Amino acid sequence: MNTHNLMLIDPHIHMTSRTTDDYERMQKAGIVAIIEPAFWLGQPRTEAGSFKDYFSSLVGWERFRASQFGIKHYCTIGLNSKEANNEALAEQVMELLPLFVCKEGVVGVGEIGYDDQTPTEDKYFRAQLELAKEVNMPVQVHTPHRDKKAGTIKSMEVCLEHGIAPDMVVIDHNNEETVKDVLDRGFWAAFTIYPNSKMGNERMVEIVKQYGSERIIVNSSADWGVSDPLSVPKTASLMLERGISIEDVRKVCYQNALDSFGKSGQMHESDWLKGTQVDQREKFSDNSVLRGGQTPVVGEVKATDSLDSNIVR
Amino acid sequence: MYQADIYATKTFLMEVLERTTTPEGIKWLVQKMKLVEDENAKPKELYLAFSAASRFIGKAPLQLTPHDAEMADIIRPGFDPSRWTAAQAARTLLILSMPYQDGEAFRQQLETLFNTADMGELVALYAGLPLLPHPELFRERAAEGFRTNMGDVFEAVALDNPYPADYMHEDAWNNMVLKTLFVGKPVFRIYGIEKRRNAKLARILSDYAHERWAAGRPVSPELWRPVGPFIDEAILKDIKKLFAQPSELEQEAAALACAQSSNQQAKELLSAHPQLKSRVENGEITWRLIGDKNLQLS
Ligand SMILES: [Zn+2]
């Protein structure tokens with residue numbers, strides 16, 4: 001893998017389900033910042049308190065953990081579409097959101113949208129769009145796996161109906177079938193390079209060749225499933241290998257994520273340009289992330305360029 | 001019910017903040033404080049303002065004059081905002097603006113903020129404990145703060161903060177002192193470390209020193225600070241060992257501990273080290289100096 005030492009951002013990754021090894025590899029591969037959208041945990045939560053603790057771990061412990069590996073951690077906060085279907089719970093979660101949306105490093109309301117496209121999902125999608133509008137925050141939209149194209153178009157129409165500008169909305173998990181509709185309407189189009197189920201990165205290369213780099217964003221959505229936290233660096237590397245200009249790669253793997261989520265006022269290049277000084281010695285107590293026998297990392301962490309195969313299928 | 005006059009505290013913080021942040025920031029804050037003061041305010045008003053404070057007020061260190069440090073200590077003995085940021089002061093002002101007549105309702109609001117806070121907010125909340133009304137309602141919360149693994153948050157509750165010394169029960173206090181040593185933070189920044197020393201703590205600290213020695217790890221000379229007055233047969237052996245350490249700081253700690261003991265054998269032990277003894281008597285060896293030097297070494 002060779003990313004020509006580009007700085008990279010993964011604007012959609014669920015780090016709470018990943019290990020510190022992943023943070024280390026991501027940092028070495030050039031990732032300087034990530035955005036962790038609030039999502040479901042693989043099985044439904046049954047208490048509002050579980051949401052509260054999850055949201056606070058996104059702005060608290062997880063952010064601290066990332067900082068120990070030289071990565072800036074941001075997040076988006078929202079009620080995901082799957083769990084929005086539990087109406088009694090959804091009401092309580094909506095009450096929690098104002099506690100979190102204005103926190104430092106929260107760069108949007110997300111990931112929200114449709115899963116089965118039920119009326120209840122629609123209700124809470126709309127309620128959260130209103131909240132995003134009230135606090136002037138970007139929106140990160142999860143598009144459905146089933147009936148994808150119609151669901152994607154509907155998501156955008158509902159955003160417009162609520163008076164939200166297309167450049168404040170990142171439509172996620174696009175594919176060849178949806179990309180044109182999204183770009184034509186002026187929304188940001190994000191693509192998830194996720195083994196087997198979503199996009200492979202060879203397809204991603206073709207999309208950038210066809211549509212260019214304007215408003216296109218690459219992410220990994222790595223989570224508790226079979227997924228790859230290095231999807232962004234691998235895709236950047238493959239794009240360069242296959243003749244896409246470094247400027248275009250920089251846009252889809254870095255700049256567009258910064259420009260879209262930067263509209264929150266909570267994400268600035270200077271946050272990581274200041275140099276990623278890591279001092280695990282100072283911040284860690286003996287019973288923290290480092291366990292006995294591990295040697296703390298001290299000083300500036302440098303990206304290296306030597307990781308294996310860059311194709312994700 | 002009060003640790004500090006709320007009106008005086010707010011006036012003081014606002015004055016310092018005016019020097020530290022922009023006029024627009026102050027305008028925003030004053031407006032939010034008014035909203036929060038209202039008995040019928042929706043909780044949402046507090047939540048949004050509390051978290052957005054860093055955006056509008058910034059995170060610059062507070063601009064404090066030497067006079068401010070004196071004032072802080074008059075308003076609340078031990079209150080030390082020298083490491084506070086602007087956002088932290090603003091968040092404290094928002095909290096001190098909340099209705100507090102109903103102590104339990106006040107505590108619950110605070111708990112909600114604690115339970116959903118990010119690191120910067122946790123620092124503000126814990127460092128603000130010595131200024132809150134109904135201080136007796138926050139013991140459990142402070143003890144929770146001692147359990148954190150986030151260094152800055154631990155410092156906010158345990159160091160330069162007079163709340164623990166004034167309100168924590170002995171076991172929780174002892175845990176806090178032990179954890180401070182365990183995570184390698186300076187003991188001299190614990191407010192009231194002398195006032196709250198006790199026999200059980202001395203025993204716990206001695207055990208901890210044994211554990212470190214057994215593992216071949218260094219023992220902070222500050223560990224012995226609360227131990228002196230409780231030197232007995234068992235601890236006397238530790239002190240003897242300490243005098244024999246190659247580190248000068250440890251020998252100095254041994255001498256100071258003996259000087260603070262009424263144990264006859266401890267006194268004799270100190271007399272056996274006349275040079276150290278005279279330096280202690282001349283005030284050349286103090287716990288504060290040992291703490292400072294130890295911090296430079298680590
Ligand atoms: Zn996701």
# chains A, B, ... in the order shown; residues from 1 in each chain; ligands from 1
>>> residues_near_ligand(ligand="ligand 1", cutoff="12 Å", atoms="only C-alpha atoms and all ligand atoms", output="PDB file with N, CA, C and O atoms, in the first residue's frame")
ATOM      1  N   ASP A  10     -11.301   9.132   7.838  1.00  0.00           N
ATOM      2  CA  ASP A  10     -12.377   8.153   7.662  1.00  0.00           C
ATOM      3  C   ASP A  10     -13.617   8.723   8.349  1.00  0.00           C
ATOM      4  O   ASP A  10     -13.735   8.686   9.564  1.00  0.00           O
ATOM      5  N   PRO A  11     -14.556   9.266   7.554  1.00  0.00           N
ATOM      6  CA  PRO A  11     -15.686   9.975   8.163  1.00  0.00           C
ATOM      7  C   PRO A  11     -16.862   9.076   8.553  1.00  0.00           C
ATOM      8  O   PRO A  11     -17.945   9.584   8.834  1.00  0.00           O
ATOM      9  N   HIS A  12     -16.645   7.762   8.593  1.00  0.00           N
ATOM     10  CA  HIS A  12     -17.706   6.872   9.060  1.00  0.00           C
ATOM     11  C   HIS A  12     -17.067   5.572   9.523  1.00  0.00           C
ATOM     12  O   HIS A  12     -16.732   4.711   8.721  1.00  0.00           O
ATOM     13  N   ILE A  13     -16.861   5.463  10.812  1.00  0.00           N
ATOM     14  CA  ILE A  13     -16.278   4.228  11.354  1.00  0.00           C
ATOM     15  C   ILE A  13     -16.709   4.087  12.809  1.00  0.00           C
ATOM     16  O   ILE A  13     -16.753   5.069  13.545  1.00  0.00           O
ATOM     17  N   HIS A  14     -17.072   2.844  13.206  1.00  0.00           N
ATOM     18  CA  HIS A  14     -17.617   2.608  14.544  1.00  0.00           C
ATOM     19  C   HIS A  14     -16.536   2.040  15.445  1.00  0.00           C
ATOM     20  O   HIS A  14     -16.425   0.835  15.641  1.00  0.00           O
ATOM     21  N   MET A  15     -15.704   2.948  15.984  1.00  0.00           N
ATOM     22  CA  MET A  15     -14.518   2.523  16.700  1.00  0.00           C
ATOM     23  C   MET A  15     -14.808   1.817  18.018  1.00  0.00           C
ATOM     24  O   MET A  15     -13.979   1.059  18.495  1.00  0.00           O
ATOM     25  N   THR A  16     -15.979   2.065  18.609  1.00  0.00           N
ATOM     26  CA  THR A  16     -16.263   1.398  19.894  1.00  0.00           C
ATOM     27  C   THR A  16     -16.190  -0.123  19.744  1.00  0.00           C
ATOM     28  O   THR A  16     -15.961  -0.816  20.716  1.00  0.00           O
ATOM     29  N   SER A  17     -16.374  -0.630  18.502  1.00  0.00           N
ATOM     30  CA  SER A  17     -16.270  -2.075  18.345  1.00  0.00           C
ATOM     31  C   SER A  17     -14.918  -2.512  17.782  1.00  0.00           C
ATOM     32  O   SER A  17     -14.770  -3.656  17.365  1.00  0.00           O
ATOM     33  N   ILE A  35     -14.645  10.090  12.019  1.00  0.00           N
ATOM     34  CA  ILE A  35     -15.958  10.458  12.556  1.00  0.00           C
ATOM     35  C   ILE A  35     -16.697   9.168  12.869  1.00  0.00           C
ATOM     36  O   ILE A  35     -16.775   8.268  12.036  1.00  0.00           O
ATOM     37  N   GLU A  36     -17.199   9.096  14.088  1.00  0.00           N
ATOM     38  CA  GLU A  36     -17.928   7.902  14.521  1.00  0.00           C
ATOM     39  C   GLU A  36     -19.401   8.244  14.642  1.00  0.00           C
ATOM     40  O   GLU A  36     -19.811   8.930  15.572  1.00  0.00           O
ATOM     41  N   PRO A  37     -20.229   7.781  13.692  1.00  0.00           N
ATOM     42  CA  PRO A  37     -21.654   8.072  13.817  1.00  0.00           C
ATOM     43  C   PRO A  37     -22.284   7.181  14.888  1.00  0.00           C
ATOM     44  O   PRO A  37     -21.880   6.027  15.059  1.00  0.00           O
ATOM     45  N   ALA A  38     -23.250   7.724  15.583  1.00  0.00           N
ATOM     46  CA  ALA A  38     -24.001   6.900  16.530  1.00  0.00           C
ATOM     47  C   ALA A  38     -24.850   5.915  15.726  1.00  0.00           C
ATOM     48  O   ALA A  38     -25.547   6.305  14.792  1.00  0.00           O
ATOM     49  N   PHE A  39     -24.763   4.640  16.065  1.00  0.00           N
ATOM     50  CA  PHE A  39     -25.553   3.653  15.335  1.00  0.00           C
ATOM     51  C   PHE A  39     -26.086   2.604  16.296  1.00  0.00           C
ATOM     52  O   PHE A  39     -26.022   2.764  17.513  1.00  0.00           O
ATOM     53  N   TRP A  40     -26.635   1.525  15.765  1.00  0.00           N
ATOM     54  CA  TRP A  40     -27.092   0.462  16.660  1.00  0.00           C
ATOM     55  C   TRP A  40     -25.919  -0.461  16.943  1.00  0.00           C
ATOM     56  O   TRP A  40     -24.872  -0.362  16.304  1.00  0.00           O
ATOM     57  N   LEU A  41     -26.093  -1.331  17.922  1.00  0.00           N
ATOM     58  CA  LEU A  41     -24.941  -2.095  18.392  1.00  0.00           C
ATOM     59  C   LEU A  41     -24.990  -3.553  17.959  1.00  0.00           C
ATOM     60  O   LEU A  41     -24.312  -4.400  18.504  1.00  0.00           O
ATOM     61  N   GLY A  42     -25.843  -3.851  16.959  1.00  0.00           N
ATOM     62  CA  GLY A  42     -25.927  -5.227  16.491  1.00  0.00           C
ATOM     63  C   GLY A  42     -27.152  -5.923  17.052  1.00  0.00           C
ATOM     64  O   GLY A  42     -27.684  -6.853  16.454  1.00  0.00           O
ATOM     65  N   CYS A  75     -17.645  12.792  16.331  1.00  0.00           N
ATOM     66  CA  CYS A  75     -18.783  11.877  16.196  1.00  0.00           C
ATOM     67  C   CYS A  75     -20.015  12.635  15.725  1.00  0.00           C
ATOM     68  O   CYS A  75     -20.049  13.868  15.738  1.00  0.00           O
ATOM     69  N   THR A  76     -20.989  11.871  15.251  1.00  0.00           N
ATOM     70  CA  THR A  76     -22.312  12.436  15.033  1.00  0.00           C
ATOM     71  C   THR A  76     -23.261  11.727  15.985  1.00  0.00           C
ATOM     72  O   THR A  76     -23.043  10.568  16.355  1.00  0.00           O
ATOM     73  N   ILE A  77     -24.288  12.434  16.421  1.00  0.00           N
ATOM     74  CA  ILE A  77     -25.192  11.918  17.442  1.00  0.00           C
ATOM     75  C   ILE A  77     -26.602  11.852  16.857  1.00  0.00           C
ATOM     76  O   ILE A  77     -27.065  12.820  16.240  1.00  0.00           O
ATOM     77  N   GLY A  78     -27.253  10.711  17.045  1.00  0.00           N
ATOM     78  CA  GLY A  78     -28.619  10.607  16.544  1.00  0.00           C
ATOM     79  C   GLY A  78     -29.248   9.275  16.921  1.00  0.00           C
ATOM     80  O   GLY A  78     -28.583   8.396  17.469  1.00  0.00           O
ATOM     81  N   LEU A  79     -30.538   9.171  16.619  1.00  0.00           N
ATOM     82  CA  LEU A  79     -31.266   7.916  16.819  1.00  0.00           C
ATOM     83  C   LEU A  79     -31.314   7.209  15.474  1.00  0.00           C
ATOM     84  O   LEU A  79     -31.888   7.737  14.514  1.00  0.00           O
ATOM     85  N   ASN A  80     -30.704   6.025  15.383  1.00  0.00           N
ATOM     86  CA  ASN A  80     -30.651   5.323  14.100  1.00  0.00           C
ATOM     87  C   ASN A  80     -32.014   4.798  13.692  1.00  0.00           C
ATOM     88  O   ASN A  80     -32.919   4.631  14.513  1.00  0.00           O
ATOM     89  N   SER A  81     -32.143   4.501  12.402  1.00  0.00           N
ATOM     90  CA  SER A  81     -33.454   4.143  11.857  1.00  0.00           C
ATOM     91  C   SER A  81     -33.996   2.830  12.405  1.00  0.00           C
ATOM     92  O   SER A  81     -35.179   2.717  12.684  1.00  0.00           O
ATOM     93  N   LYS A  82     -33.135   1.833  12.581  1.00  0.00           N
ATOM     94  CA  LYS A  82     -33.636   0.547  13.074  1.00  0.00           C
ATOM     95  C   LYS A  82     -34.325   0.710  14.419  1.00  0.00           C
ATOM     96  O   LYS A  82     -35.448   0.269  14.625  1.00  0.00           O
ATOM     97  N   GLY A 110     -26.468  12.260  13.276  1.00  0.00           N
ATOM     98  CA  GLY A 110     -26.317  11.074  12.442  1.00  0.00           C
ATOM     99  C   GLY A 110     -26.073   9.825  13.271  1.00  0.00           C
ATOM    100  O   GLY A 110     -25.910   9.920  14.468  1.00  0.00           O
ATOM    101  N   GLU A 111     -26.020   8.618  12.626  1.00  0.00           N
ATOM    102  CA  GLU A 111     -26.532   8.463  11.307  1.00  0.00           C
ATOM    103  C   GLU A 111     -28.005   8.181  11.425  1.00  0.00           C
ATOM    104  O   GLU A 111     -28.439   7.323  12.187  1.00  0.00           O
ATOM    105  N   ILE A 112     -28.784   8.947  10.661  1.00  0.00           N
ATOM    106  CA  ILE A 112     -30.238   8.843  10.749  1.00  0.00           C
ATOM    107  C   ILE A 112     -30.769   8.583   9.349  1.00  0.00           C
ATOM    108  O   ILE A 112     -30.035   8.701   8.368  1.00  0.00           O
ATOM    109  N   GLY A 113     -32.060   8.232   9.251  1.00  0.00           N
ATOM    110  CA  GLY A 113     -32.622   7.975   7.928  1.00  0.00           C
ATOM    111  C   GLY A 113     -33.598   6.816   7.978  1.00  0.00           C
ATOM    112  O   GLY A 113     -34.338   6.657   8.946  1.00  0.00           O
ATOM    113  N   GLN A 140     -25.931  13.365   8.740  1.00  0.00           N
ATOM    114  CA  GLN A 140     -25.324  12.189   8.109  1.00  0.00           C
ATOM    115  C   GLN A 140     -26.435  11.158   7.915  1.00  0.00           C
ATOM    116  O   GLN A 140     -26.988  10.654   8.899  1.00  0.00           O
ATOM    117  N   VAL A 141     -26.758  10.888   6.652  1.00  0.00           N
ATOM    118  CA  VAL A 141     -27.926  10.047   6.362  1.00  0.00           C
ATOM    119  C   VAL A 141     -27.510   8.631   5.970  1.00  0.00           C
ATOM    120  O   VAL A 141     -26.755   8.428   5.021  1.00  0.00           O
ATOM    121  N   HIS A 142     -28.030   7.669   6.727  1.00  0.00           N
ATOM    122  CA  HIS A 142     -27.855   6.257   6.412  1.00  0.00           C
ATOM    123  C   HIS A 142     -28.943   5.863   5.416  1.00  0.00           C
ATOM    124  O   HIS A 142     -30.126   6.063   5.682  1.00  0.00           O
ATOM    125  N   THR A 143     -28.545   5.326   4.254  1.00  0.00           N
ATOM    126  CA  THR A 143     -29.580   4.914   3.294  1.00  0.00           C
ATOM    127  C   THR A 143     -29.839   3.419   3.422  1.00  0.00           C
ATOM    128  O   THR A 143     -28.946   2.653   3.806  1.00  0.00           O
ATOM    129  N   PRO A 144     -31.073   2.992   3.139  1.00  0.00           N
ATOM    130  CA  PRO A 144     -31.447   1.596   3.405  1.00  0.00           C
ATOM    131  C   PRO A 144     -30.728   0.587   2.507  1.00  0.00           C
ATOM    132  O   PRO A 144     -30.311   0.910   1.394  1.00  0.00           O
ATOM    133  N   HIS A 145     -30.584  -0.630   3.014  1.00  0.00           N
ATOM    134  CA  HIS A 145     -29.983  -1.710   2.215  1.00  0.00           C
ATOM    135  C   HIS A 145     -30.993  -2.253   1.209  1.00  0.00           C
ATOM    136  O   HIS A 145     -30.647  -2.680   0.128  1.00  0.00           O
ATOM    137  N   ILE A 171     -25.182  12.060   2.186  1.00  0.00           N
ATOM    138  CA  ILE A 171     -25.965  10.841   1.938  1.00  0.00           C
ATOM    139  C   ILE A 171     -24.971   9.686   1.880  1.00  0.00           C
ATOM    140  O   ILE A 171     -24.053   9.682   1.047  1.00  0.00           O
ATOM    141  N   ASP A 172     -25.166   8.691   2.767  1.00  0.00           N
ATOM    142  CA  ASP A 172     -24.140   7.654   2.916  1.00  0.00           C
ATOM    143  C   ASP A 172     -24.541   6.326   2.257  1.00  0.00           C
ATOM    144  O   ASP A 172     -25.708   6.111   1.938  1.00  0.00           O
ATOM    145  N   HIS A 173     -23.552   5.477   2.116  1.00  0.00           N
ATOM    146  CA  HIS A 173     -23.723   4.118   1.568  1.00  0.00           C
ATOM    147  C   HIS A 173     -24.289   4.159   0.139  1.00  0.00           C
ATOM    148  O   HIS A 173     -25.221   3.430  -0.198  1.00  0.00           O
ATOM    149  N   ALA A 190     -21.499   9.893  -0.072  1.00  0.00           N
ATOM    150  CA  ALA A 190     -20.468   9.077   0.576  1.00  0.00           C
ATOM    151  C   ALA A 190     -20.606   7.619   0.152  1.00  0.00           C
ATOM    152  O   ALA A 190     -21.717   7.137  -0.115  1.00  0.00           O
ATOM    153  N   PHE A 191     -19.465   6.939   0.087  1.00  0.00           N
ATOM    154  CA  PHE A 191     -19.434   5.526  -0.322  1.00  0.00           C
ATOM    155  C   PHE A 191     -18.732   4.722   0.753  1.00  0.00           C
ATOM    156  O   PHE A 191     -17.676   5.117   1.251  1.00  0.00           O
ATOM    157  N   THR A 192     -19.323   3.586   1.071  1.00  0.00           N
ATOM    158  CA  THR A 192     -18.769   2.737   2.108  1.00  0.00           C
ATOM    159  C   THR A 192     -18.054   1.553   1.476  1.00  0.00           C
ATOM    160  O   THR A 192     -18.688   0.763   0.771  1.00  0.00           O
ATOM    161  N   ILE A 193     -16.751   1.467   1.726  1.00  0.00           N
ATOM    162  CA  ILE A 193     -15.979   0.340   1.203  1.00  0.00           C
ATOM    163  C   ILE A 193     -15.986  -0.740   2.270  1.00  0.00           C
ATOM    164  O   ILE A 193     -15.224  -0.670   3.244  1.00  0.00           O
ATOM    165  N   TYR A 194     -16.908  -1.687   2.109  1.00  0.00           N
ATOM    166  CA  TYR A 194     -17.154  -2.672   3.162  1.00  0.00           C
ATOM    167  C   TYR A 194     -17.137  -4.037   2.486  1.00  0.00           C
ATOM    168  O   TYR A 194     -17.888  -4.261   1.531  1.00  0.00           O
ATOM    169  N   LYS A 198     -21.276  -4.073   0.839  1.00  0.00           N
ATOM    170  CA  LYS A 198     -21.534  -2.779   0.211  1.00  0.00           C
ATOM    171  C   LYS A 198     -20.686  -2.622  -1.057  1.00  0.00           C
ATOM    172  O   LYS A 198     -20.903  -3.320  -2.030  1.00  0.00           O
ATOM    173  N   ASN A 219     -15.569   6.151   2.805  1.00  0.00           N
ATOM    174  CA  ASN A 219     -15.435   5.756   4.217  1.00  0.00           C
ATOM    175  C   ASN A 219     -15.439   4.251   4.346  1.00  0.00           C
ATOM    176  O   ASN A 219     -15.647   3.533   3.359  1.00  0.00           O
ATOM    177  N   SER A 220     -15.195   3.758   5.562  1.00  0.00           N
ATOM    178  CA  SER A 220     -15.109   2.305   5.766  1.00  0.00           C
ATOM    179  C   SER A 220     -16.349   1.734   6.450  1.00  0.00           C
ATOM    180  O   SER A 220     -16.668   0.567   6.268  1.00  0.00           O
ATOM    181  N   SER A 221     -17.032   2.535   7.254  1.00  0.00           N
ATOM    182  CA  SER A 221     -18.119   2.036   8.110  1.00  0.00           C
ATOM    183  C   SER A 221     -17.708   0.778   8.880  1.00  0.00           C
ATOM    184  O   SER A 221     -18.558  -0.046   9.208  1.00  0.00           O
ATOM    185  N   ALA A 222     -16.438   0.624   9.147  1.00  0.00           N
ATOM    186  CA  ALA A 222     -16.005  -0.566   9.891  1.00  0.00           C
ATOM    187  C   ALA A 222     -16.703  -0.593  11.241  1.00  0.00           C
ATOM    188  O   ALA A 222     -16.882   0.440  11.886  1.00  0.00           O
ATOM    189  N   ASP A 223     -17.114  -1.786  11.659  1.00  0.00           N
ATOM    190  CA  ASP A 223     -17.878  -1.911  12.906  1.00  0.00           C
ATOM    191  C   ASP A 223     -17.624  -3.279  13.516  1.00  0.00           C
ATOM    192  O   ASP A 223     -16.529  -3.818  13.407  1.00  0.00           O
ATOM    193  N   TRP A 224     -18.669  -3.877  14.117  1.00  0.00           N
ATOM    194  CA  TRP A 224     -18.535  -5.174  14.765  1.00  0.00           C
ATOM    195  C   TRP A 224     -18.654  -6.320  13.772  1.00  0.00           C
ATOM    196  O   TRP A 224     -18.582  -7.473  14.143  1.00  0.00           O
ATOM    197  N   GLY A 225     -18.896  -5.995  12.490  1.00  0.00           N
ATOM    198  CA  GLY A 225     -19.007  -7.043  11.477  1.00  0.00           C
ATOM    199  C   GLY A 225     -17.669  -7.296  10.801  1.00  0.00           C
ATOM    200  O   GLY A 225     -16.654  -6.704  11.174  1.00  0.00           O
ATOM    201  N   SER A 227     -15.284  -6.337   8.616  1.00  0.00           N
ATOM    202  CA  SER A 227     -15.108  -5.038   7.963  1.00  0.00           C
ATOM    203  C   SER A 227     -13.648  -4.648   8.073  1.00  0.00           C
ATOM    204  O   SER A 227     -12.869  -5.298   8.752  1.00  0.00           O
TER     205      SER A 227
END
>>> residues_around(residues="region 134-146 of chain B", least_positions_apart="6", cutoff="9 Å", atoms="only C-alpha atoms", output="list in words")
Met1, Tyr2, Gln3, Tyr100, Gly103, Glu104, Phe106, Arg107, Glu111, Phe114, Leu122, Tyr126, Val153, Phe154, Glu155, Ala156, Val157, Ala158, Tyr163, Pro164, Tyr167, Met168, His169, Ala172, Trp173, Asn175, Met176, Lys179 and Thr180 of chain B
>>> write_last_selection(atoms="N, CA, C and O atoms", output="tab-separated table (two decimals), in the first residue's frame")
chain	number	residue	atom	x	y	z
B	1	MET	N	-25.73	24.32	54.22
B	1	MET	CA	-26.18	24.21	52.83
B	1	MET	C	-25.21	24.88	51.86
B	1	MET	O	-25.13	24.52	50.71
B	2	TYR	N	-24.44	25.88	52.32
B	2	TYR	CA	-23.50	26.55	51.42
B	2	TYR	C	-22.06	26.26	51.79
B	2	TYR	O	-21.72	26.16	52.94
B	3	GLN	N	-21.20	26.17	50.76
B	3	GLN	CA	-19.77	26.18	51.01
B	3	GLN	C	-19.23	27.55	50.72
B	3	GLN	O	-18.21	27.96	51.24
B	100	TYR	N	-31.79	26.19	43.10
B	100	TYR	CA	-31.21	25.15	43.96
B	100	TYR	C	-31.95	24.98	45.27
B	100	TYR	O	-31.49	24.27	46.16
B	103	GLY	N	-32.95	20.75	46.94
B	103	GLY	CA	-31.63	20.13	46.84
B	103	GLY	C	-31.63	18.88	45.97
B	103	GLY	O	-30.73	18.68	45.15
B	104	GLU	N	-32.65	18.03	46.14
B	104	GLU	CA	-32.67	16.77	45.41
B	104	GLU	C	-32.84	17.02	43.90
B	104	GLU	O	-32.20	16.37	43.07
B	106	PHE	N	-31.89	19.70	42.34
B	106	PHE	CA	-30.61	20.27	41.92
B	106	PHE	C	-29.59	19.15	41.68
B	106	PHE	O	-28.91	19.10	40.66
B	107	ARG	N	-29.54	18.22	42.62
B	107	ARG	CA	-28.59	17.12	42.49
B	107	ARG	C	-28.86	16.28	41.23
B	107	ARG	O	-27.96	15.90	40.50
B	111	GLU	N	-26.48	15.44	38.17
B	111	GLU	CA	-26.15	14.05	37.82
B	111	GLU	C	-26.34	13.81	36.33
B	111	GLU	O	-25.55	13.12	35.70
B	114	PHE	N	-23.37	15.24	34.68
B	114	PHE	CA	-22.20	14.38	34.92
B	114	PHE	C	-22.25	13.13	34.04
B	114	PHE	O	-21.27	12.74	33.43
B	122	LEU	N	-16.55	17.25	32.23
B	122	LEU	CA	-16.31	16.55	33.50
B	122	LEU	C	-15.33	17.34	34.37
B	122	LEU	O	-15.51	17.47	35.58
B	126	TYR	N	-16.39	18.56	38.08
B	126	TYR	CA	-15.69	18.09	39.29
B	126	TYR	C	-14.95	19.24	39.99
B	126	TYR	O	-14.97	19.34	41.21
B	153	VAL	N	-9.50	14.41	34.32
B	153	VAL	CA	-10.71	14.36	35.14
B	153	VAL	C	-10.34	14.01	36.58
B	153	VAL	O	-10.84	14.62	37.54
B	154	PHE	N	-9.44	13.06	36.73
B	154	PHE	CA	-8.99	12.70	38.09
B	154	PHE	C	-8.38	13.92	38.78
B	154	PHE	O	-8.68	14.20	39.95
B	155	GLU	N	-7.54	14.64	38.06
B	155	GLU	CA	-6.92	15.83	38.65
B	155	GLU	C	-7.97	16.83	39.11
B	155	GLU	O	-7.82	17.47	40.15
B	156	ALA	N	-9.02	16.99	38.29
B	156	ALA	CA	-10.03	18.01	38.61
B	156	ALA	C	-10.72	17.72	39.95
B	156	ALA	O	-11.04	18.64	40.69
B	157	VAL	N	-10.91	16.45	40.26
B	157	VAL	CA	-11.62	16.14	41.50
B	157	VAL	C	-10.65	15.96	42.67
B	157	VAL	O	-10.97	16.31	43.81
B	158	ALA	N	-9.45	15.47	42.40
B	158	ALA	CA	-8.56	15.11	43.51
B	158	ALA	C	-7.54	16.20	43.86
B	158	ALA	O	-7.11	16.29	45.00
B	163	TYR	N	-12.97	20.22	48.07
B	163	TYR	CA	-14.17	19.44	48.40
B	163	TYR	C	-13.85	18.11	49.09
B	163	TYR	O	-14.43	17.81	50.14
B	164	PRO	N	-12.93	17.30	48.55
B	164	PRO	CA	-12.68	16.00	49.20
B	164	PRO	C	-12.27	16.12	50.66
B	164	PRO	O	-12.81	15.41	51.52
B	167	TYR	N	-15.40	17.11	52.75
B	167	TYR	CA	-16.64	16.32	52.76
B	167	TYR	C	-16.51	14.81	52.67
B	167	TYR	O	-17.44	14.10	53.02
B	168	MET	N	-15.39	14.30	52.16
B	168	MET	CA	-15.37	12.85	51.94
B	168	MET	C	-15.14	12.10	53.25
B	168	MET	O	-14.38	12.53	54.12
B	169	HIS	N	-15.83	10.95	53.37
B	169	HIS	CA	-15.60	10.09	54.52
B	169	HIS	C	-14.23	9.44	54.39
B	169	HIS	O	-13.65	9.40	53.31
B	172	ALA	N	-13.18	6.81	51.51
B	172	ALA	CA	-13.12	7.40	50.17
B	172	ALA	C	-11.91	8.32	50.05
B	172	ALA	O	-11.21	8.32	49.04
B	173	TRP	N	-11.69	9.08	51.10
B	173	TRP	CA	-10.51	9.97	51.12
B	173	TRP	C	-9.22	9.15	50.96
B	173	TRP	O	-8.35	9.48	50.16
B	175	ASN	N	-8.84	6.22	49.65
B	175	ASN	CA	-8.76	5.71	48.27
B	175	ASN	C	-8.21	6.75	47.32
B	175	ASN	O	-7.43	6.46	46.43
B	176	MET	N	-8.65	7.98	47.53
B	176	MET	CA	-8.23	9.05	46.65
B	176	MET	C	-6.72	9.31	46.77
B	176	MET	O	-6.02	9.46	45.77
B	179	LYS	N	-4.87	6.44	45.15
B	179	LYS	CA	-4.94	6.49	43.69
B	179	LYS	C	-4.05	7.60	43.13
B	179	LYS	O	-3.45	7.44	42.07
B	180	THR	N	-3.97	8.71	43.83
B	180	THR	CA	-3.09	9.80	43.37
B	180	THR	C	-1.66	9.30	43.23
B	180	THR	O	-0.99	9.56	42.23
>>> atom_distance(atom1="CA of Ser51 (chain B)", atom2="CA of Ser155 (chain A)")
29.1 Å
>>> interface_residues(of="chain B", to="chain A", cutoff="9 Å", atoms="only C-alpha atoms", output="list of chain:residue names")
B:Lys44, B:Glu45, B:Leu46, B:Tyr47, B:Leu48, B:Ala49, B:Phe50, B:Ser51, B:Ala52, B:Ala53, B:Ser54, B:Arg55, B:Thr112, B:Leu113, B:Asn115, B:Thr116, B:Ala117, B:Asp118, B:Met119, B:Gly120, B:Asn149, B:Met150, B:Gly151, B:Asp152, B:Phe182, B:Val183, B:Gly184
>>> closest_residue(among="A:Pro195, A:Glu130, A:Lys209, A:Asp181", to="Leu230 (chain A)", atoms="only C-alpha atoms")
A:Pro195
>>> select_by_dssp(residues="region 77-246 of chain A", states="strand (DSSP E or B)", output="PyMOL selection string")
chain A and resi 77+106-113+139-142+169-171+188-193+199+216-219
>>> atom_distance(atom1="CA of Thr286 (chain B)", atom2="CA of Ser220 (chain B)")
14.8 Å
